[in-house]
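Okay, structure first, notes after.
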Amino acid sequence: MISVLLALLVGAPQPVCPPAWEPLPGDACLLDGEKKGLAVYFHGRTAPSLQALGVELSLLEKVPRSRRTPMVALKGRGGLCDWAAEYRGFWCWPTARSQRSEVRLVTERLKEVLEAASTRLGRDSLPLPVLAGYSNGAYFLTMVMGDTEVPVAGWVLMHGGPVAGVIYAKSRERPTLLLAAAEDGIQRPAMESLKAKLDEAGWQSTLLVRPGSHPPELEDYQRLFDFAAAVSRRP
């Protein structure tokens with residue numbers, strides 16, 4: 001009997017998103033929300049399992065639905081965190097100038113994912129998204145800011161920093177929120193450096209520093225959703 005049950009479990013379709021999230025084509029997940037607007041989330045460096053990803057995404061679920069915009073979360077892929085052998089299999093985003101071709105692939109994938117989200121939400125079109133990233137996802141977003149023409153309503157970068165060599169063109173300026181933690185001895189200075197680079201480029205941004213350290217907290221995601229709702233606009 002046990003062997004039969006095990007066989008059924010092995011053969012059953014495996015979930016591709018945490019329970020509160022709806023799967024989308026393009027290896028992405030959708031979280032609903034009642035606020036106007038749309039957010040796209042790029043996670044931090046994550047062990048390659050749904051359970052590990054779910055730990056990070058579960059905090060997003062804790063923001064009340066009445067306070068959330070709809071959100072799409074894409075999954076990174078293995079091989080991009082190549083600075084240490086122990087992380088090469090982790091789900092990550094491109095964060096080096098040598099990986100610019102990977103940035104293009106992600107932005108092409110994002111377009112397809114947003115089309116699927118529009119269909120799933122029953123809308124003819126979606127508002128321009130706010131792109132948000134945590135840690136590795138935030139470093140990646142600086143390359144999207146500087147190296148692409150992806151249409152966005154705003155940017156939220158959490159506990160990350162700048163990628164060396166990225167130029168922040170004034171034409172790409174959109175409302176920008178930077179989130180850091182006072183006791184994060186690595187990423188807080190990196191976020192301050194990013195703020196300085198944006199200031200130098202004439203790109204207005206707001207840097208908020210909360211108590212605590214690097215791991216994301218509910219307060220970060222509350223600010224993310226409030227910001228996404230506030231800057232929501234149509235293409």
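Within each chain, counting starts at residue 1; across the structure tokens, chains are named A, B, ... in the order shown, with ligands numbered 1 upward in that order.
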
Can you tell me, as a list of chain:residue names, what residues are no more than 10 Å from range 107-110 of chain A when counting only C-alpha atoms, ignoring any on the same chain fewer than 5 positions away?
-> A:Pro25, A:Gly26, A:Asp27, A:Ala28, A:Val40, A:Val72, A:Ala73, A:Leu74, A:Glu102, A:Glu115, A:Ala116, A:Val144, A:Thr148, A:Glu149, A:Val150

Find the spatial neighbours of Leu131 in chain A, counting only C-alpha atoms, within a cut-off of 9 Å - ignore same-chain residues fewer than 6 positions away - and output them as a PyMOL selection string.
-> chain A and resi 38-42+141+152-157+228

Extract the full set of strand (DSSP E or B) residues from range 16-218 of chain A according to DSSP on the backbone, and format it as a count of residues only.
-> 40

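Residues with any atom within 7 Å of range 178-183 of chain A, counting only C-alpha atoms and excluding same-chain neighbours fewer than 2 positions away, are A:Val156, A:Leu157, A:Met158, A:His159, A:Thr176, A:Gly185, A:Arg188, A:Met191, A:Thr206, A:Leu207, A:Leu208, A:Val209, A:Arg210, A:Pro211, A:Gly212, A:Ser213, A:His214.
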
Export of the given selection (N, CA and C atoms) as an mmCIF file, in the first residue's frame:
```
data_model
loop_
_atom_site.group_PDB
_atom_site.id
_atom_site.type_symbol
_atom_site.label_atom_id
_atom_site.label_comp_id
_atom_site.auth_asym_id
_atom_site.auth_seq_id
_atom_site.Cartn_x
_atom_site.Cartn_y
_atom_site.Cartn_z
ATOM 1 N N VAL A 156 11.814 49.709 -7.294
ATOM 2 C CA VAL A 156 12.030 49.501 -5.860
ATOM 3 C C VAL A 156 13.214 48.566 -5.708
ATOM 4 N N LEU A 157 14.279 49.047 -5.090
ATOM 5 C CA LEU A 157 15.482 48.247 -4.891
ATOM 6 C C LEU A 157 15.710 48.070 -3.402
ATOM 7 N N MET A 158 15.750 46.819 -2.964
ATOM 8 C CA MET A 158 15.786 46.481 -1.546
ATOM 9 C C MET A 158 17.069 45.738 -1.210
ATOM 10 N N HIS A 159 17.888 46.343 -0.351
ATOM 11 C CA HIS A 159 19.021 45.627 0.246
ATOM 12 C C HIS A 159 19.948 45.029 -0.810
ATOM 13 N N THR A 176 11.643 56.226 -7.816
ATOM 14 C CA THR A 176 12.570 55.194 -7.360
ATOM 15 C C THR A 176 12.635 55.167 -5.838
ATOM 16 N N GLY A 185 25.744 45.564 7.293
ATOM 17 C CA GLY A 185 27.060 46.162 7.096
ATOM 18 C C GLY A 185 27.578 46.094 5.677
ATOM 19 N N ARG A 188 23.808 47.983 3.204
ATOM 20 C CA ARG A 188 23.442 49.387 3.489
ATOM 21 C C ARG A 188 24.432 50.354 2.844
ATOM 22 N N MET A 191 23.730 50.390 -0.836
ATOM 23 C CA MET A 191 22.545 51.163 -1.209
ATOM 24 C C MET A 191 22.832 52.661 -1.128
ATOM 25 N N THR A 206 14.402 58.037 -3.357
ATOM 26 C CA THR A 206 14.200 58.126 -1.912
ATOM 27 C C THR A 206 14.827 56.912 -1.259
ATOM 28 N N LEU A 207 15.729 57.139 -0.304
ATOM 29 C CA LEU A 207 16.355 56.056 0.442
ATOM 30 C C LEU A 207 15.771 56.017 1.842
ATOM 31 N N LEU A 208 15.180 54.877 2.204
ATOM 32 C CA LEU A 208 14.632 54.670 3.538
ATOM 33 C C LEU A 208 15.436 53.579 4.233
ATOM 34 N N VAL A 209 15.850 53.848 5.458
ATOM 35 C CA VAL A 209 16.641 52.897 6.227
ATOM 36 C C VAL A 209 15.848 52.488 7.466
ATOM 37 N N ARG A 210 15.563 51.204 7.581
ATOM 38 C CA ARG A 210 14.834 50.690 8.741
ATOM 39 C C ARG A 210 15.801 50.064 9.735
ATOM 40 N N PRO A 211 15.386 49.856 10.971
ATOM 41 C CA PRO A 211 16.213 49.078 11.898
ATOM 42 C C PRO A 211 16.320 47.633 11.401
ATOM 43 N N GLY A 212 17.325 46.927 11.913
ATOM 44 C CA GLY A 212 17.450 45.516 11.570
ATOM 45 C C GLY A 212 18.562 45.258 10.585
ATOM 46 N N SER A 213 18.562 44.049 10.015
ATOM 47 C CA SER A 213 19.644 43.604 9.143
ATOM 48 C C SER A 213 19.113 43.217 7.766
ATOM 49 N N HIS A 214 19.881 42.413 7.058
ATOM 50 C CA HIS A 214 19.649 42.177 5.633
ATOM 51 C C HIS A 214 18.370 41.416 5.285
#
```

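Taking only C-alpha atoms, the non-local environment of Ala96 in chain A within 8 Å (same-chain residues fewer than 4 positions away omitted) comprises Arg100, Val163 and Ala164 of chain A.
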
Contacts of Gly137 in chain A at 10 Å or less, counting only C-alpha atoms, minus same-chain residues fewer than 2 places along, as a PyMOL selection string?
-> chain A and resi 41-45+76+92-95+131-135+139-142+157-161

Those same residues, written as a PDB file, in the first residue's frame with N, CA and C atoms?
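Written out: selection.pdb:
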```
ATOM      1  N   TYR A  41       8.328  41.203  -9.077  1.00  0.00           N
ATOM      2  CA  TYR A  41       9.308  40.973  -8.016  1.00  0.00           C
ATOM      3  C   TYR A  41      10.395  40.014  -8.470  1.00  0.00           C
ATOM      4  N   PHE A  42      11.647  40.412  -8.212  1.00  0.00           N
ATOM      5  CA  PHE A  42      12.809  39.575  -8.487  1.00  0.00           C
ATOM      6  C   PHE A  42      13.449  39.211  -7.152  1.00  0.00           C
ATOM      7  N   HIS A  43      13.403  37.938  -6.818  1.00  0.00           N
ATOM      8  CA  HIS A  43      13.827  37.464  -5.503  1.00  0.00           C
ATOM      9  C   HIS A  43      15.333  37.561  -5.325  1.00  0.00           C
ATOM     10  N   GLY A  44      15.784  37.320  -4.105  1.00  0.00           N
ATOM     11  CA  GLY A  44      17.206  37.239  -3.818  1.00  0.00           C
ATOM     12  C   GLY A  44      17.765  35.878  -4.188  1.00  0.00           C
ATOM     13  N   ARG A  45      19.083  35.722  -3.980  1.00  0.00           N
ATOM     14  CA  ARG A  45      19.723  34.422  -4.227  1.00  0.00           C
ATOM     15  C   ARG A  45      19.024  33.354  -3.401  1.00  0.00           C
ATOM     16  N   GLY A  76      14.473  33.010 -10.834  1.00  0.00           N
ATOM     17  CA  GLY A  76      15.786  33.045 -11.449  1.00  0.00           C
ATOM     18  C   GLY A  76      16.204  31.661 -11.922  1.00  0.00           C
ATOM     19  N   CYS A  92      19.216  32.547  -9.364  1.00  0.00           N
ATOM     20  CA  CYS A  92      19.777  33.891  -9.286  1.00  0.00           C
ATOM     21  C   CYS A  92      19.421  34.688 -10.535  1.00  0.00           C
ATOM     22  N   TRP A  93      19.878  35.952 -10.526  1.00  0.00           N
ATOM     23  CA  TRP A  93      19.700  36.872 -11.647  1.00  0.00           C
ATOM     24  C   TRP A  93      21.070  37.361 -12.101  1.00  0.00           C
ATOM     25  N   PRO A  94      21.183  37.789 -13.354  1.00  0.00           N
ATOM     26  CA  PRO A  94      22.473  38.307 -13.819  1.00  0.00           C
ATOM     27  C   PRO A  94      22.849  39.591 -13.076  1.00  0.00           C
ATOM     28  N   THR A  95      24.094  39.666 -12.634  1.00  0.00           N
ATOM     29  CA  THR A  95      24.544  40.829 -11.873  1.00  0.00           C
ATOM     30  C   THR A  95      25.953  41.259 -12.266  1.00  0.00           C
ATOM     31  N   LEU A 131       8.958  47.623 -11.035  1.00  0.00           N
ATOM     32  CA  LEU A 131       9.879  46.506 -10.909  1.00  0.00           C
ATOM     33  C   LEU A 131      10.589  46.606  -9.563  1.00  0.00           C
ATOM     34  N   ALA A 132      10.557  45.504  -8.813  1.00  0.00           N
ATOM     35  CA  ALA A 132      11.132  45.477  -7.480  1.00  0.00           C
ATOM     36  C   ALA A 132      12.072  44.287  -7.355  1.00  0.00           C
ATOM     37  N   GLY A 133      13.173  44.485  -6.648  1.00  0.00           N
ATOM     38  CA  GLY A 133      14.115  43.398  -6.450  1.00  0.00           C
ATOM     39  C   GLY A 133      14.733  43.443  -5.072  1.00  0.00           C
ATOM     40  N   TYR A 134      14.962  42.257  -4.525  1.00  0.00           N
ATOM     41  CA  TYR A 134      15.599  42.125  -3.222  1.00  0.00           C
ATOM     42  C   TYR A 134      16.986  41.513  -3.384  1.00  0.00           C
ATOM     43  N   SER A 135      17.999  42.126  -2.788  1.00  0.00           N
ATOM     44  CA  SER A 135      19.350  41.580  -2.721  1.00  0.00           C
ATOM     45  C   SER A 135      19.877  41.286  -4.131  1.00  0.00           C
ATOM     46  N   TYR A 139      20.395  44.071  -7.315  1.00  0.00           N
ATOM     47  CA  TYR A 139      21.576  44.302  -8.158  1.00  0.00           C
ATOM     48  C   TYR A 139      21.203  44.122  -9.632  1.00  0.00           C
ATOM     49  N   PHE A 140      20.463  43.069  -9.914  1.00  0.00           N
ATOM     50  CA  PHE A 140      20.009  42.830 -11.293  1.00  0.00           C
ATOM     51  C   PHE A 140      19.215  44.015 -11.829  1.00  0.00           C
ATOM     52  N   LEU A 141      18.351  44.585 -11.004  1.00  0.00           N
ATOM     53  CA  LEU A 141      17.505  45.683 -11.482  1.00  0.00           C
ATOM     54  C   LEU A 141      18.314  46.898 -11.895  1.00  0.00           C
ATOM     55  N   THR A 142      19.481  47.116 -11.277  1.00  0.00           N
ATOM     56  CA  THR A 142      20.269  48.271 -11.712  1.00  0.00           C
ATOM     57  C   THR A 142      20.692  48.108 -13.169  1.00  0.00           C
ATOM     58  N   LEU A 157      14.279  49.047  -5.090  1.00  0.00           N
ATOM     59  CA  LEU A 157      15.482  48.247  -4.891  1.00  0.00           C
ATOM     60  C   LEU A 157      15.710  48.070  -3.402  1.00  0.00           C
ATOM     61  N   MET A 158      15.750  46.819  -2.964  1.00  0.00           N
ATOM     62  CA  MET A 158      15.786  46.481  -1.546  1.00  0.00           C
ATOM     63  C   MET A 158      17.069  45.738  -1.210  1.00  0.00           C
ATOM     64  N   HIS A 159      17.888  46.343  -0.351  1.00  0.00           N
ATOM     65  CA  HIS A 159      19.021  45.627   0.246  1.00  0.00           C
ATOM     66  C   HIS A 159      19.948  45.029  -0.810  1.00  0.00           C
ATOM     67  N   GLY A 160      20.260  45.825  -1.812  1.00  0.00           N
ATOM     68  CA  GLY A 160      21.171  45.409  -2.862  1.00  0.00           C
ATOM     69  C   GLY A 160      22.257  46.450  -3.056  1.00  0.00           C
ATOM     70  N   GLY A 161      22.473  46.855  -4.301  1.00  0.00           N
ATOM     71  CA  GLY A 161      23.479  47.857  -4.579  1.00  0.00           C
ATOM     72  C   GLY A 161      23.729  47.967  -6.069  1.00  0.00           C
TER      73      GLY A 161
END
```

Per residue of range 151-217 of chain A within 10 Å of range 49-70 of chain A, note the shortest atom pair and the distance in Å to one decimal, counting only C-alpha atoms, and order the rows by chain and increasing residue number, as a tab-separated table.
```
residue	atom	partner	partner_atom	distance
A:Pro215	CA	A:Glu56	CA	9.1
A:Pro216	CA	A:Glu56	CA	7.8
A:Glu217	CA	A:Leu59	CA	7.2
```

Shortest interatomic distance to Arg120 in chain A - which of A:Glu192, A:Asp82, A:Asp220, A:Asp32, counting only C-alpha atoms |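 Comparing A:Glu192, A:Asp82, A:Asp220, A:Asp32 against Arg120 in chain A, the winner is A:Asp32.
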
Would you please extract all alpha helix (DSSP H) residues from range 3-175 of chain A, as assigned by DSSP on the backbone, and give them as a count of residues only?
-> 55

Given the choices A:Phe227, A:Ala20, A:Ala169, A:Gln187, which gets closest to Asp199 in chain A if the distance is worked out from only C-alpha atoms?
-> A:Ala169

Identify which of the residues A:Met71, A:Leu194, A:Met143, A:Ala84 lies closest to Val130 in chain A, counting only C-alpha atoms when measuring atom-to-atom distances.
->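 Going through A:Met71, A:Leu194, A:Met143, A:Ala84 one by one, the smallest distance to Val130 in chain A is for A:Met71.
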